[in-house]
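As provided, query.csv (CSV, C-alpha atoms (C1' of nucleotides)) reads as follows.
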```
chain,number,residue,atom,x,y,z
A,23,MET,CA,0.0,0.0,0.0
A,24,GLU,CA,2.4,2.6,-1.2
A,25,GLU,CA,1.0,6.0,-0.4
A,26,LEU,CA,1.9,8.3,-3.3
A,27,LEU,CA,2.5,11.9,-2.7
A,28,LYS,CA,2.6,14.8,-5.0
A,29,ILE,CA,5.1,17.6,-4.8
A,30,ASP,CA,3.0,19.9,-2.7
A,31,GLU,CA,2.5,17.3,-0.1
A,32,VAL,CA,6.2,16.5,0.0
A,33,ALA,CA,6.9,20.2,0.4
A,34,LYS,CA,4.6,20.5,3.4
A,35,LEU,CA,5.9,17.3,5.0
A,36,SER,CA,9.6,18.1,4.5
A,37,GLY,CA,9.4,21.8,5.1
A,38,LEU,CA,11.1,22.6,1.8
A,39,SER,CA,9.7,24.6,-1.1
A,40,LYS,CA,8.6,22.9,-4.2
A,41,ARG,CA,11.3,24.7,-6.2
A,42,THR,CA,13.9,23.4,-3.8
A,43,ILE,CA,12.7,19.8,-4.1
A,44,ARG,CA,12.9,20.0,-7.9
A,45,TYR,CA,16.2,21.7,-7.7
A,46,TYR,CA,17.6,18.9,-5.5
A,47,GLU,CA,16.5,16.5,-8.1
A,48,GLU,CA,18.0,18.6,-10.9
A,49,ILE,CA,21.4,18.6,-9.3
A,50,GLY,CA,21.3,14.9,-8.7
A,51,LEU,CA,20.8,15.1,-4.9
A,52,LEU,CA,17.3,13.6,-4.8
A,53,PRO,CA,16.7,10.5,-6.7
A,54,PRO,CA,14.1,11.2,-9.5
A,55,PRO,CA,10.7,9.8,-8.5
A,56,PRO,CA,8.5,7.9,-10.9
A,57,ARG,CA,6.0,9.9,-12.9
A,58,SER,CA,2.4,9.6,-13.7
A,59,GLN,CA,1.1,9.2,-17.2
A,60,GLY,CA,1.0,12.9,-17.6
A,61,GLY,CA,4.4,13.4,-16.1
A,62,THR,CA,3.5,14.4,-12.6
A,63,ARG,CA,6.1,13.4,-10.0
A,64,LEU,CA,4.9,10.7,-7.6
A,65,TYR,CA,6.9,10.5,-4.4
A,66,THR,CA,6.8,8.1,-1.5
A,67,GLN,CA,7.4,8.6,2.2
A,68,ASP,CA,11.0,7.6,1.7
A,69,HIS,CA,11.6,10.7,-0.3
A,70,VAL,CA,10.3,12.8,2.5
A,71,GLU,CA,12.6,11.1,5.0
A,72,PHE,CA,15.5,11.5,2.7
A,73,LEU,CA,14.8,15.2,2.4
A,74,LYS,CA,14.6,15.7,6.1
A,75,LYS,CA,17.9,14.0,6.6
A,76,ILE,CA,19.8,16.0,4.1
A,77,THR,CA,18.2,19.1,5.4
A,78,ILE,CA,19.5,18.4,8.9
A,79,ALA,CA,22.9,17.5,7.6
A,80,LYS,CA,23.0,20.7,5.6
A,81,GLU,CA,21.9,22.9,8.5
A,82,VAL,CA,23.9,21.2,11.2
A,83,LEU,CA,27.1,20.4,9.4
A,84,GLY,CA,27.0,23.5,7.2
A,85,PHE,CA,27.5,21.3,4.2
A,86,SER,CA,27.1,22.7,0.8
A,87,LEU,CA,24.9,20.7,-1.6
A,88,GLN,CA,28.0,19.6,-3.4
A,89,GLU,CA,29.5,18.2,-0.2
A,90,LEU,CA,26.2,16.6,0.6
A,91,HIS,CA,26.3,15.0,-2.8
A,92,HIS,CA,29.7,13.6,-2.3
A,93,PHE,CA,28.8,12.4,1.1
A,94,LEU,CA,25.7,10.6,-0.1
A,95,SER,CA,27.6,8.8,-2.7
A,96,LEU,CA,29.6,7.3,0.1
A,97,ARG,CA,26.5,5.9,1.7
A,98,ASP,CA,25.5,4.5,-1.6
A,99,THR,CA,28.8,2.7,-2.1
A,100,LEU,CA,28.2,1.1,1.3
A,101,GLU,CA,24.7,0.0,0.3
A,102,ASN,CA,26.1,-1.5,-2.9
A,103,GLN,CA,28.3,-3.8,-0.9
A,104,ARG,CA,25.3,-6.0,-1.0
A,105,ALA,CA,23.7,-7.6,-4.0
A,106,ASP,CA,25.0,-7.2,-7.5
A,107,TYR,CA,28.1,-5.2,-6.7
A,108,LYS,CA,29.6,-8.1,-4.9
A,109,LYS,CA,29.4,-10.3,-7.9
A,110,VAL,CA,30.9,-7.8,-10.3
A,111,THR,CA,33.8,-6.3,-8.3
A,112,GLU,CA,37.0,-7.8,-7.0
A,113,PRO,CA,37.1,-8.3,-3.3
A,114,ARG,CA,40.5,-6.5,-3.1
A,115,GLU,CA,39.0,-3.5,-4.9
A,116,ARG,CA,36.0,-3.5,-2.7
A,117,LYS,CA,38.2,-3.5,0.4
A,118,GLU,CA,40.2,-0.5,-0.9
A,119,LYS,CA,37.0,1.4,-1.4
A,120,LEU,CA,35.8,0.5,2.1
A,121,ILE,CA,39.0,1.7,3.7
A,122,GLU,CA,38.7,4.9,1.8
A,123,ILE,CA,35.2,5.4,3.1
A,124,ILE,CA,36.2,4.7,6.7
A,125,HIS,CA,38.9,7.4,6.4
A,126,LEU,CA,36.4,9.9,5.1
A,127,LEU,CA,34.0,9.0,7.9
A,128,ASP,CA,36.8,9.5,10.4
A,129,ASP,CA,37.5,12.9,9.0
A,130,GLN,CA,33.8,13.8,9.1
A,131,LEU,CA,33.5,12.6,12.7
A,132,GLN,CA,36.4,14.6,13.7
A,133,MET,CA,34.9,17.7,12.2
A,134,ILE,CA,31.8,17.0,14.0
A,135,GLU,CA,33.6,16.7,17.3
A,136,GLU,CA,35.2,20.1,16.7
A,137,LYS,CA,31.9,21.6,15.8
A,138,ILE,CA,30.3,20.3,19.0
A,139,HIS,CA,33.2,21.8,20.9
A,140,LYS,CA,32.8,25.2,19.3
A,141,ILE,CA,29.1,25.3,19.6
A,142,MET,CA,29.4,24.6,23.3
A,143,SER,CA,31.9,27.4,23.7
A,144,VAL,CA,29.3,29.7,22.2
A,145,GLN,CA,26.7,28.2,24.5
A,146,THR,CA,28.7,28.9,27.7
A,147,GLU,CA,29.4,32.4,26.5
A,148,LEU,CA,25.7,33.1,26.0
A,149,VAL,CA,24.9,31.6,29.4
A,150,THR,CA,27.4,34.0,30.9
A,151,LEU,CA,25.8,36.9,29.1
A,152,ARG,CA,22.4,35.9,30.4
A,153,GLU,CA,23.8,35.8,33.9
A,154,ARG,CA,25.2,39.2,33.6
A,155,ALA,CA,21.9,40.5,32.3
A,156,ARG,CA,20.1,38.9,35.3
A,157,ALA,CA,22.5,40.4,37.7
A,158,ALA,CA,22.0,43.8,36.2
A,159,ILE,CA,18.3,43.5,36.6
A,160,VAL,CA,18.7,42.6,40.3
A,161,LYS,CA,20.8,45.7,40.7
A,162,ILE,CA,18.2,47.9,39.1
A,163,ASP,CA,15.5,46.4,41.3
A,164,GLU,CA,17.6,47.2,44.3
A,165,GLU,CA,17.9,50.7,43.2
A,166,LEU,CA,14.2,51.1,42.6
A,167,SER,CA,13.2,49.7,46.0
A,168,LYS,CA,15.3,52.1,47.9
B,12,MET,CA,52.7,48.5,24.8
B,13,GLU,CA,50.0,48.2,22.2
B,14,GLU,CA,51.2,46.0,19.4
B,15,LEU,CA,49.8,47.4,16.2
B,16,LEU,CA,49.0,45.1,13.3
B,17,LYS,CA,48.4,45.8,9.7
B,18,ILE,CA,45.7,44.1,7.7
B,19,ASP,CA,47.9,41.4,6.3
B,20,GLU,CA,48.9,40.3,9.8
B,21,VAL,CA,45.4,40.3,11.0
B,22,ALA,CA,44.4,38.2,8.0
B,23,LYS,CA,47.0,35.6,8.9
B,24,LEU,CA,46.1,35.6,12.6
B,25,SER,CA,42.4,35.4,12.1
B,26,GLY,CA,42.4,33.1,9.1
B,27,LEU,CA,40.2,35.5,7.1
B,28,SER,CA,41.1,37.2,3.9
B,29,LYS,CA,42.0,40.9,3.8
B,30,ARG,CA,38.9,41.5,1.6
B,31,THR,CA,36.7,39.8,4.2
B,32,ILE,CA,38.1,41.9,7.0
B,33,ARG,CA,37.5,45.1,5.1
B,34,TYR,CA,34.1,43.9,4.2
B,35,TYR,CA,33.2,43.2,7.8
B,36,GLU,CA,34.1,46.7,8.6
B,37,GLU,CA,32.2,48.0,5.6
B,38,ILE,CA,28.9,46.4,6.8
B,39,GLY,CA,29.5,47.6,10.3
B,40,LEU,CA,30.4,44.3,11.8
B,41,LEU,CA,34.0,45.1,12.8
B,42,PRO,CA,34.6,48.3,14.6
B,43,PRO,CA,36.8,50.6,12.4
B,44,PRO,CA,40.3,50.6,13.6
B,45,PRO,CA,42.4,53.8,13.9
B,46,ARG,CA,44.4,54.8,10.9
B,47,SER,CA,48.0,55.9,10.4
B,48,GLN,CA,48.9,59.3,8.9
B,49,GLY,CA,48.6,57.9,5.5
B,50,GLY,CA,45.4,56.1,6.1
B,51,THR,CA,46.6,52.5,6.7
B,52,ARG,CA,44.4,50.6,9.1
B,53,LEU,CA,46.1,49.8,12.4
B,54,TYR,CA,44.6,46.9,14.4
B,55,THR,CA,45.2,45.5,17.8
B,56,GLN,CA,45.0,42.0,19.1
B,57,ASP,CA,41.5,42.7,20.3
B,58,HIS,CA,40.4,42.9,16.7
B,59,VAL,CA,41.8,39.5,16.0
B,60,GLU,CA,40.0,38.0,18.9
B,61,PHE,CA,36.8,39.6,17.8
B,62,LEU,CA,37.2,38.2,14.3
B,63,LYS,CA,37.9,34.8,15.6
B,64,LYS,CA,34.8,34.9,17.8
B,65,ILE,CA,32.4,36.0,15.1
B,66,THR,CA,33.9,33.4,12.7
B,67,ILE,CA,33.1,30.7,15.2
B,68,ALA,CA,29.6,32.0,15.8
B,69,LYS,CA,29.0,32.2,12.0
B,70,GLU,CA,30.4,28.7,11.3
B,71,VAL,CA,28.8,27.0,14.3
B,72,LEU,CA,25.4,28.7,14.5
B,73,GLY,CA,25.0,29.2,10.8
B,74,PHE,CA,24.4,32.9,11.5
B,75,SER,CA,24.3,35.2,8.6
B,76,LEU,CA,26.3,38.4,8.9
B,77,GLN,CA,23.1,40.3,9.4
B,78,GLU,CA,22.1,38.0,12.3
B,79,LEU,CA,25.6,38.3,13.8
B,80,HIS,CA,25.2,42.1,13.6
B,81,HIS,CA,22.0,42.0,15.4
B,82,PHE,CA,23.4,39.7,18.0
B,83,LEU,CA,26.4,41.8,18.6
B,84,SER,CA,24.3,44.8,19.3
B,85,LEU,CA,22.8,42.8,22.1
B,86,ARG,CA,26.2,42.3,23.7
B,87,ASP,CA,26.9,46.0,23.3
B,88,THR,CA,23.7,47.0,25.0
B,89,LEU,CA,24.8,44.8,27.9
B,90,GLU,CA,28.2,46.5,28.0
B,91,ASN,CA,26.6,49.8,28.0
B,92,GLN,CA,24.8,49.0,31.2
B,93,ARG,CA,27.9,50.3,32.7
B,94,ALA,CA,29.2,53.9,32.6
B,95,ASP,CA,27.5,56.7,30.8
B,96,TYR,CA,24.4,54.8,29.8
B,97,LYS,CA,23.3,54.5,33.4
B,98,LYS,CA,23.3,58.2,34.0
B,99,VAL,CA,21.3,58.9,30.9
B,100,THR,CA,18.6,56.3,30.8
B,101,GLU,CA,15.7,55.6,33.1
B,102,PRO,CA,16.1,52.5,35.3
B,103,ARG,CA,12.7,51.3,34.2
B,104,GLU,CA,13.7,51.6,30.6
B,105,ARG,CA,17.0,49.8,31.2
B,106,LYS,CA,15.2,47.0,32.9
B,107,GLU,CA,12.9,46.6,29.9
B,108,LYS,CA,15.8,46.4,27.6
B,109,LEU,CA,17.5,43.8,29.8
B,110,ILE,CA,14.4,41.6,29.9
B,111,GLU,CA,14.3,41.8,26.1
B,112,ILE,CA,17.9,40.7,25.9
B,113,ILE,CA,17.3,37.8,28.2
B,114,HIS,CA,14.4,36.6,26.1
B,115,LEU,CA,16.5,36.7,23.0
B,116,LEU,CA,19.3,34.9,24.7
B,117,ASP,CA,16.8,32.2,25.8
B,118,ASP,CA,15.8,31.8,22.2
B,119,GLN,CA,19.3,31.5,21.0
B,120,LEU,CA,20.2,29.0,23.7
B,121,GLN,CA,17.2,26.9,22.8
B,122,MET,CA,18.3,27.0,19.2
B,123,ILE,CA,21.7,25.8,20.2
B,124,GLU,CA,20.3,23.0,22.2
B,125,GLU,CA,18.4,21.8,19.2
B,126,LYS,CA,21.5,22.1,17.0
B,127,ILE,CA,23.5,20.0,19.4
B,128,HIS,CA,20.8,17.4,19.3
B,129,LYS,CA,20.7,17.4,15.6
B,130,ILE,CA,24.4,17.3,15.2
B,131,MET,CA,24.6,14.4,17.6
B,132,SER,CA,22.0,12.5,15.6
B,133,VAL,CA,24.2,12.9,12.5
B,134,GLN,CA,27.1,11.8,14.5
B,135,THR,CA,25.6,8.5,15.6
B,136,GLU,CA,24.5,7.9,12.1
B,137,LEU,CA,28.0,8.3,10.8
B,138,VAL,CA,29.3,6.0,13.5
B,139,THR,CA,26.8,3.4,12.5
B,140,LEU,CA,27.9,3.7,8.9
B,141,ARG,CA,31.5,3.3,9.9
B,142,GLU,CA,30.6,0.1,11.9
B,143,ARG,CA,29.0,-1.3,8.8
B,144,ALA,CA,32.0,-0.5,6.7
B,145,ARG,CA,34.3,-2.2,9.2
B,146,ALA,CA,32.0,-5.2,9.3
B,147,ALA,CA,32.1,-5.4,5.6
B,148,ILE,CA,35.8,-5.4,5.6
B,149,VAL,CA,35.9,-8.3,8.1
B,150,LYS,CA,33.7,-10.2,5.8
B,151,ILE,CA,35.9,-9.7,2.8
B,152,ASP,CA,38.9,-10.7,4.8
B,153,GLU,CA,37.2,-13.9,5.8
B,154,GLU,CA,36.4,-14.5,2.1
B,155,LEU,CA,40.0,-13.9,1.1
B,156,SER,CA,41.5,-16.1,3.7
B,157,LYS,CA,39.5,-19.1,2.8
C,21,DT,C1',-17.4,17.8,-19.0
C,22,DA,C1',-16.3,22.6,-18.2
C,23,DT,C1',-13.6,25.0,-15.0
C,24,DA,C1',-10.6,25.5,-11.4
C,25,DA,C1',-6.4,24.1,-9.2
C,26,DA,C1',-2.0,22.0,-9.3
C,27,DT,C1',2.2,20.6,-11.8
C,28,DT,C1',5.9,20.9,-15.4
C,29,DT,C1',9.6,23.0,-17.9
C,30,DA,C1',12.2,27.0,-19.1
C,31,DA,C1',14.2,31.1,-18.2
C,32,DC,C1',15.5,35.0,-15.9
C,33,DG,C1',16.1,37.4,-11.3
C,34,DT,C1',18.0,37.7,-6.5
C,35,DT,C1',21.0,37.9,-2.5
C,36,DA,C1',24.7,37.2,0.5
C,37,DA,C1',29.5,37.0,0.9
C,38,DC,C1',33.0,37.7,-0.7
C,39,DG,C1',36.9,37.4,-5.1
C,40,DT,C1',39.4,39.9,-8.4
C,41,DC,C1',41.4,43.6,-10.7
C,42,DA,C1',43.1,48.4,-11.4
C,43,DA,C1',44.9,52.7,-10.3
C,44,DA,C1',46.5,55.7,-6.7
C,45,DT,C1',49.0,56.1,-2.4
C,46,DT,C1',51.7,54.6,1.4
C,47,DT,C1',55.1,52.1,3.7
C,48,DA,C1',59.2,49.3,3.8
C,49,DT,C1',63.8,48.2,2.0
C,50,DA,C1',68.3,48.3,-0.5
D,4,DT,C1',66.2,58.2,-2.1
D,5,DA,C1',64.8,55.1,-5.7
D,6,DT,C1',62.4,51.0,-6.0
D,7,DA,C1',59.7,47.3,-4.4
D,8,DA,C1',56.0,45.7,-1.6
D,9,DA,C1',51.8,46.5,0.8
D,10,DT,C1',47.5,49.1,1.5
D,11,DT,C1',43.4,51.8,0.0
D,12,DT,C1',39.2,52.8,-2.5
D,13,DG,C1',36.2,51.6,-6.1
D,14,DA,C1',34.0,48.9,-9.1
D,15,DC,C1',32.7,45.0,-11.4
D,16,DG,C1',32.6,39.7,-11.2
D,17,DT,C1',31.2,35.2,-9.2
D,18,DT,C1',28.8,31.4,-7.0
D,19,DA,C1',25.5,28.8,-4.6
D,20,DA,C1',20.9,28.1,-3.6
D,21,DC,C1',17.2,29.0,-4.5
D,22,DG,C1',12.8,32.7,-5.9
D,23,DT,C1',9.7,34.3,-9.3
D,24,DT,C1',7.1,34.4,-13.4
D,25,DA,C1',5.0,32.6,-17.5
D,26,DA,C1',3.1,29.5,-20.7
D,27,DA,C1',1.7,24.8,-21.5
D,28,DT,C1',-0.3,20.5,-19.5
D,29,DT,C1',-2.3,17.7,-16.2
D,30,DT,C1',-5.3,16.6,-12.5
D,31,DA,C1',-9.1,17.4,-9.4
D,32,DT,C1',-13.8,19.2,-8.7
D,33,DA,C1',-18.6,20.9,-9.3
```

As structure tokens, how would this structure be written, given the file I've shared?
Amino acid sequence: MEELLKIDEVAKLSGLSKRTIRYYEEIGLLPPPPRSQGGTRLYTQDHVEFLKKITIAKEVLGFSLQELHHFLSLRDTLENQRADYKKVTEPRERKEKLIEIIHLLDDQLQMIEEKIHKIMSVQTELVTLRERARAAIVKIDEELSK
Amino acid sequence: MEELLKIDEVAKLSGLSKRTIRYYEEIGLLPPPPRSQGGTRLYTQDHVEFLKKITIAKEVLGFSLQELHHFLSLRDTLENQRADYKKVTEPRERKEKLIEIIHLLDDQLQMIEEKIHKIMSVQTELVTLRERARAAIVKIDEELSK
DNA sequence: TATAAATTTAACGTTAACGTCAAATTTATA
DNA sequence: TATAAATTTGACGTTAACGTTAAATTTATA
């Protein structure tokens, strides 16, 4: 029972604009969905999930769409370790590819660590600011109640 | 003993380009430094620190320069609680302003919480991917050693 | 089935955040 | 002090990531 969605629905569910959704397809980021007889795009819930994920990755990691693209191809390579790929490609070659992927993931994970560090430093700074503001209010209240 | 820096030094220390530094001044983000007789900009270490901070905030929070601008004016308002400002402005008015600032900080801090959440979700996903890749390598090795 | 509402492609427009280049001046160096 | 190296202002260029508009179809509704 595949629920088919049209672009307007997908836009509402994903929080992206219709233009953006088509654009992501245009640049090869979103897999092209099947079409109806007349050519209307017919999406599934999977597309929505996918869009949500890359939106988060973009927001949070500050990835450009190019970088996202590159990153997603990694995931695909991993997926392809199953099924057909195995039969076609040399084990040795597959292993090389996997090692490459792991290195890239290590890099990304390190970058994420750094980002978390930085964001927390900003966080503590803001908390400090808030404390100062609160203290200033207390002072004013003291002044006013004299 | 104020060490004075010229723009090329500041660029190297901050990691930004000279163009970017002038641009930040142009849009009012970076306070204009004093000039030499001939008009050359003379910075201090404080400028460098400032640039580093806003670079982190921009990177990490995904702030636009506009948003940064707005945000920095907050901090300035807080700074101004001291000194002259106090003598000129009504306590009641100052308190209003402070409450406004606190609300804004609360919002920002909430946003940061959410970002940290999201980034960690991406993190765990990447770790999972890496695990899968490692497992796949083990499988291949087993194949090869048969 | 006529009409309204939604979708498609195509093309041009927009904005932020700088990059790049040039010509004039200033500062550093031999 | 002559020459090289750096800085300044000004202006135009660039790129990513869409927005907007229009004209042609397609899909939904009364």

For the interface of chain A with chain B (cut-off 9 Å, counting only C-alpha atoms), please tabulate each contacting residue of chain A alongside its nearest pair of atoms and their separation in Å to one decimal, rows sorted by chain and increasing number, as CSV.
```
residue,atom,partner,partner_atom,distance
A:Lys75,CA,B:Val133,CA,8.7
A:Ile78,CA,B:Lys129,CA,6.9
A:Ala79,CA,B:Val133,CA,6.8
A:Glu81,CA,B:Gly73,CA,7.4
A:Val82,CA,B:Ile130,CA,5.6
A:Leu83,CA,B:Ile130,CA,7.1
A:Gly84,CA,B:Gly73,CA,7.0
A:Arg97,CA,B:Leu140,CA,7.7
A:Leu100,CA,B:Ala144,CA,6.8
A:Gln103,CA,B:Ala147,CA,7.7
A:Pro113,CA,B:Ile151,CA,6.4
A:Arg114,CA,B:Ile151,CA,8.1
A:Arg116,CA,B:Ile151,CA,8.3
A:Lys117,CA,B:Ile148,CA,6.0
A:Leu120,CA,B:Ala144,CA,6.0
A:Ile121,CA,B:Ala144,CA,7.9
A:Ile123,CA,B:Ala144,CA,7.6
A:Ile124,CA,B:Arg141,CA,5.9
A:Leu127,CA,B:Arg141,CA,6.5
A:Asp128,CA,B:Arg141,CA,8.2
A:Gln130,CA,B:Leu137,CA,8.2
A:Leu131,CA,B:Gln134,CA,6.7
A:Ile134,CA,B:Gln134,CA,7.0
A:Glu135,CA,B:Gln134,CA,8.6
A:Lys137,CA,B:Val71,CA,6.4
A:Ile138,CA,B:Ile127,CA,6.8
A:Lys140,CA,B:Val71,CA,6.7
A:Ile141,CA,B:Val71,CA,5.6
A:Met142,CA,B:Ile123,CA,8.4
A:Val144,CA,B:Ala68,CA,6.8
A:Gln145,CA,B:Leu120,CA,6.6
A:Leu148,CA,B:Leu116,CA,6.8
A:Val149,CA,B:Leu120,CA,7.8
A:Leu151,CA,B:Arg86,CA,7.6
A:Arg152,CA,B:Ile113,CA,5.9
A:Glu153,CA,B:Ile113,CA,8.9
A:Arg154,CA,B:Leu89,CA,8.0
A:Ala155,CA,B:Leu109,CA,6.0
A:Arg156,CA,B:Ile113,CA,7.7
A:Ala158,CA,B:Gln92,CA,7.7
A:Ile159,CA,B:Lys106,CA,6.0
A:Ile162,CA,B:Pro102,CA,6.3
A:Asp163,CA,B:Lys106,CA,8.4
A:Glu165,CA,B:Pro102,CA,8.3
A:Leu166,CA,B:Pro102,CA,7.7
```

Output file for the residues above (C-alpha atoms, as a JSON list (two decimals), in the coordinates of the input):
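The resulting file, again06.json, is shown below:
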```json
[["chain", "number", "residue", "atom", "x", "y", "z"],
["A", 75, "LYS", "CA", 17.90, 14.00, 6.60],
["A", 78, "ILE", "CA", 19.50, 18.40, 8.90],
["A", 79, "ALA", "CA", 22.90, 17.50, 7.60],
["A", 81, "GLU", "CA", 21.90, 22.90, 8.50],
["A", 82, "VAL", "CA", 23.90, 21.20, 11.20],
["A", 83, "LEU", "CA", 27.10, 20.40, 9.40],
["A", 84, "GLY", "CA", 27.00, 23.50, 7.20],
["A", 97, "ARG", "CA", 26.50, 5.90, 1.70],
["A", 100, "LEU", "CA", 28.20, 1.10, 1.30],
["A", 103, "GLN", "CA", 28.30, -3.80, -0.90],
["A", 113, "PRO", "CA", 37.10, -8.30, -3.30],
["A", 114, "ARG", "CA", 40.50, -6.50, -3.10],
["A", 116, "ARG", "CA", 36.00, -3.50, -2.70],
["A", 117, "LYS", "CA", 38.20, -3.50, 0.40],
["A", 120, "LEU", "CA", 35.80, 0.50, 2.10],
["A", 121, "ILE", "CA", 39.00, 1.70, 3.70],
["A", 123, "ILE", "CA", 35.20, 5.40, 3.10],
["A", 124, "ILE", "CA", 36.20, 4.70, 6.70],
["A", 127, "LEU", "CA", 34.00, 9.00, 7.90],
["A", 128, "ASP", "CA", 36.80, 9.50, 10.40],
["A", 130, "GLN", "CA", 33.80, 13.80, 9.10],
["A", 131, "LEU", "CA", 33.50, 12.60, 12.70],
["A", 134, "ILE", "CA", 31.80, 17.00, 14.00],
["A", 135, "GLU", "CA", 33.60, 16.70, 17.30],
["A", 137, "LYS", "CA", 31.90, 21.60, 15.80],
["A", 138, "ILE", "CA", 30.30, 20.30, 19.00],
["A", 140, "LYS", "CA", 32.80, 25.20, 19.30],
["A", 141, "ILE", "CA", 29.10, 25.30, 19.60],
["A", 142, "MET", "CA", 29.40, 24.60, 23.30],
["A", 144, "VAL", "CA", 29.30, 29.70, 22.20],
["A", 145, "GLN", "CA", 26.70, 28.20, 24.50],
["A", 148, "LEU", "CA", 25.70, 33.10, 26.00],
["A", 149, "VAL", "CA", 24.90, 31.60, 29.40],
["A", 151, "LEU", "CA", 25.80, 36.90, 29.10],
["A", 152, "ARG", "CA", 22.40, 35.90, 30.40],
["A", 153, "GLU", "CA", 23.80, 35.80, 33.90],
["A", 154, "ARG", "CA", 25.20, 39.20, 33.60],
["A", 155, "ALA", "CA", 21.90, 40.50, 32.30],
["A", 156, "ARG", "CA", 20.10, 38.90, 35.30],
["A", 158, "ALA", "CA", 22.00, 43.80, 36.20],
["A", 159, "ILE", "CA", 18.30, 43.50, 36.60],
["A", 162, "ILE", "CA", 18.20, 47.90, 39.10],
["A", 163, "ASP", "CA", 15.50, 46.40, 41.30],
["A", 165, "GLU", "CA", 17.90, 50.70, 43.20],
["A", 166, "LEU", "CA", 14.20, 51.10, 42.60]]
```

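You will find atom CA of Leu16 of chain B at 27.2 Å from atom CA of Asn91 of chain B.
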
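The coordinates place atom CA of Ser58 of chain A at 14.5 Å from atom C1' of DA31 of chain D.
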
Between chain D and chain B, at 9 Å or less, what are the per-residue closest atom pairs and their distances in Å? Count all atoms listed in the file, order by chain and rising residue number, and return it as a Markdown table.
```
| residue | atom | partner | partner_atom | distance |
| --- | --- | --- | --- | --- |
| D:DA9 | C1' | B:Asp19 | CA | 8.5 |
| D:DT10 | C1' | B:Thr51 | CA | 6.3 |
| D:DT11 | C1' | B:Thr51 | CA | 7.5 |
```

Would you compute, for all listed atoms of segment 59-63 of chain B, the axis-aligned bounding box grown by 6 Å on each side, and then report its centre and edge lengths in Å rounded to one decimal, as lines of an AutoDock Vina configuration file?
```
center_x = 39.3
center_y = 37.2
center_z = 16.6
size_x = 17.0
size_y = 16.8
size_z = 16.6
```

Next on the checklist: Quick check: residues of chain C within 10 Å of chain A, only C-alpha atoms (C1' of nucleotides), returned as JSON, numbers by chain.
Outcome noted: {"C": [26, 27, 28]}

Checklist entry - Contacts of Leu79 of chain B at 9 Å or less, counting only C-alpha atoms (C1' of nucleotides), minus same-chain residues fewer than 3 places along, as number ranges by chain? => result B: 40, 65, 68-69, 74-76, 82-84

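The coordinates place atom C1' of DA27 of chain D at 16.2 Å from atom CA of Gln59 of chain A.
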
Next on the checklist: Taking (41.7, 46.5, -9.7) as a centre in this file's frame and 10 Å as the limit, can you find every polymer residue with an atom that close, using all atoms listed in the file, and give them as a ChimeraX atom specification?
Outcome noted: /C:40-43 /D:12-15

Output file for the selection above: C-alpha atoms (C1' of nucleotides), as a CSV table (one decimal), in the frame of the given file:
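To be explicit, this is the file written out as result-v6.csv:
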```csv
chain,number,residue,atom,x,y,z
C,40,DT,C1',39.4,39.9,-8.4
C,41,DC,C1',41.4,43.6,-10.7
C,42,DA,C1',43.1,48.4,-11.4
C,43,DA,C1',44.9,52.7,-10.3
D,12,DT,C1',39.2,52.8,-2.5
D,13,DG,C1',36.2,51.6,-6.1
D,14,DA,C1',34.0,48.9,-9.1
D,15,DC,C1',32.7,45.0,-11.4
```

Next on the checklist: Would you pick out the contacts of DT35 of chain C at 12 Å or less, using all atoms listed in the file, so that residues sharing its chain but fewer than 6 positions from it are not included, and give the list as a PyMOL selection string?
Outcome noted: (chain B and resi 75) or (chain D and resi 18-22)

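You can rank A:Gly50, A:His92, A:Gln67, A:Thr77 by their closest distance to Gly37 of chain A using only C-alpha atoms, and at the top of that list sits A:Thr77.
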
Next on the checklist: So that I can see what lies close to DT23 of chain D, please list as a PyMOL selection string the residues with an atom at most 12 Å from it, counting all atoms listed in the file and leaving out residues fewer than 3 positions away in the same chain.
Outcome noted: (chain A and resi 41) or (chain C and resi 31-34)
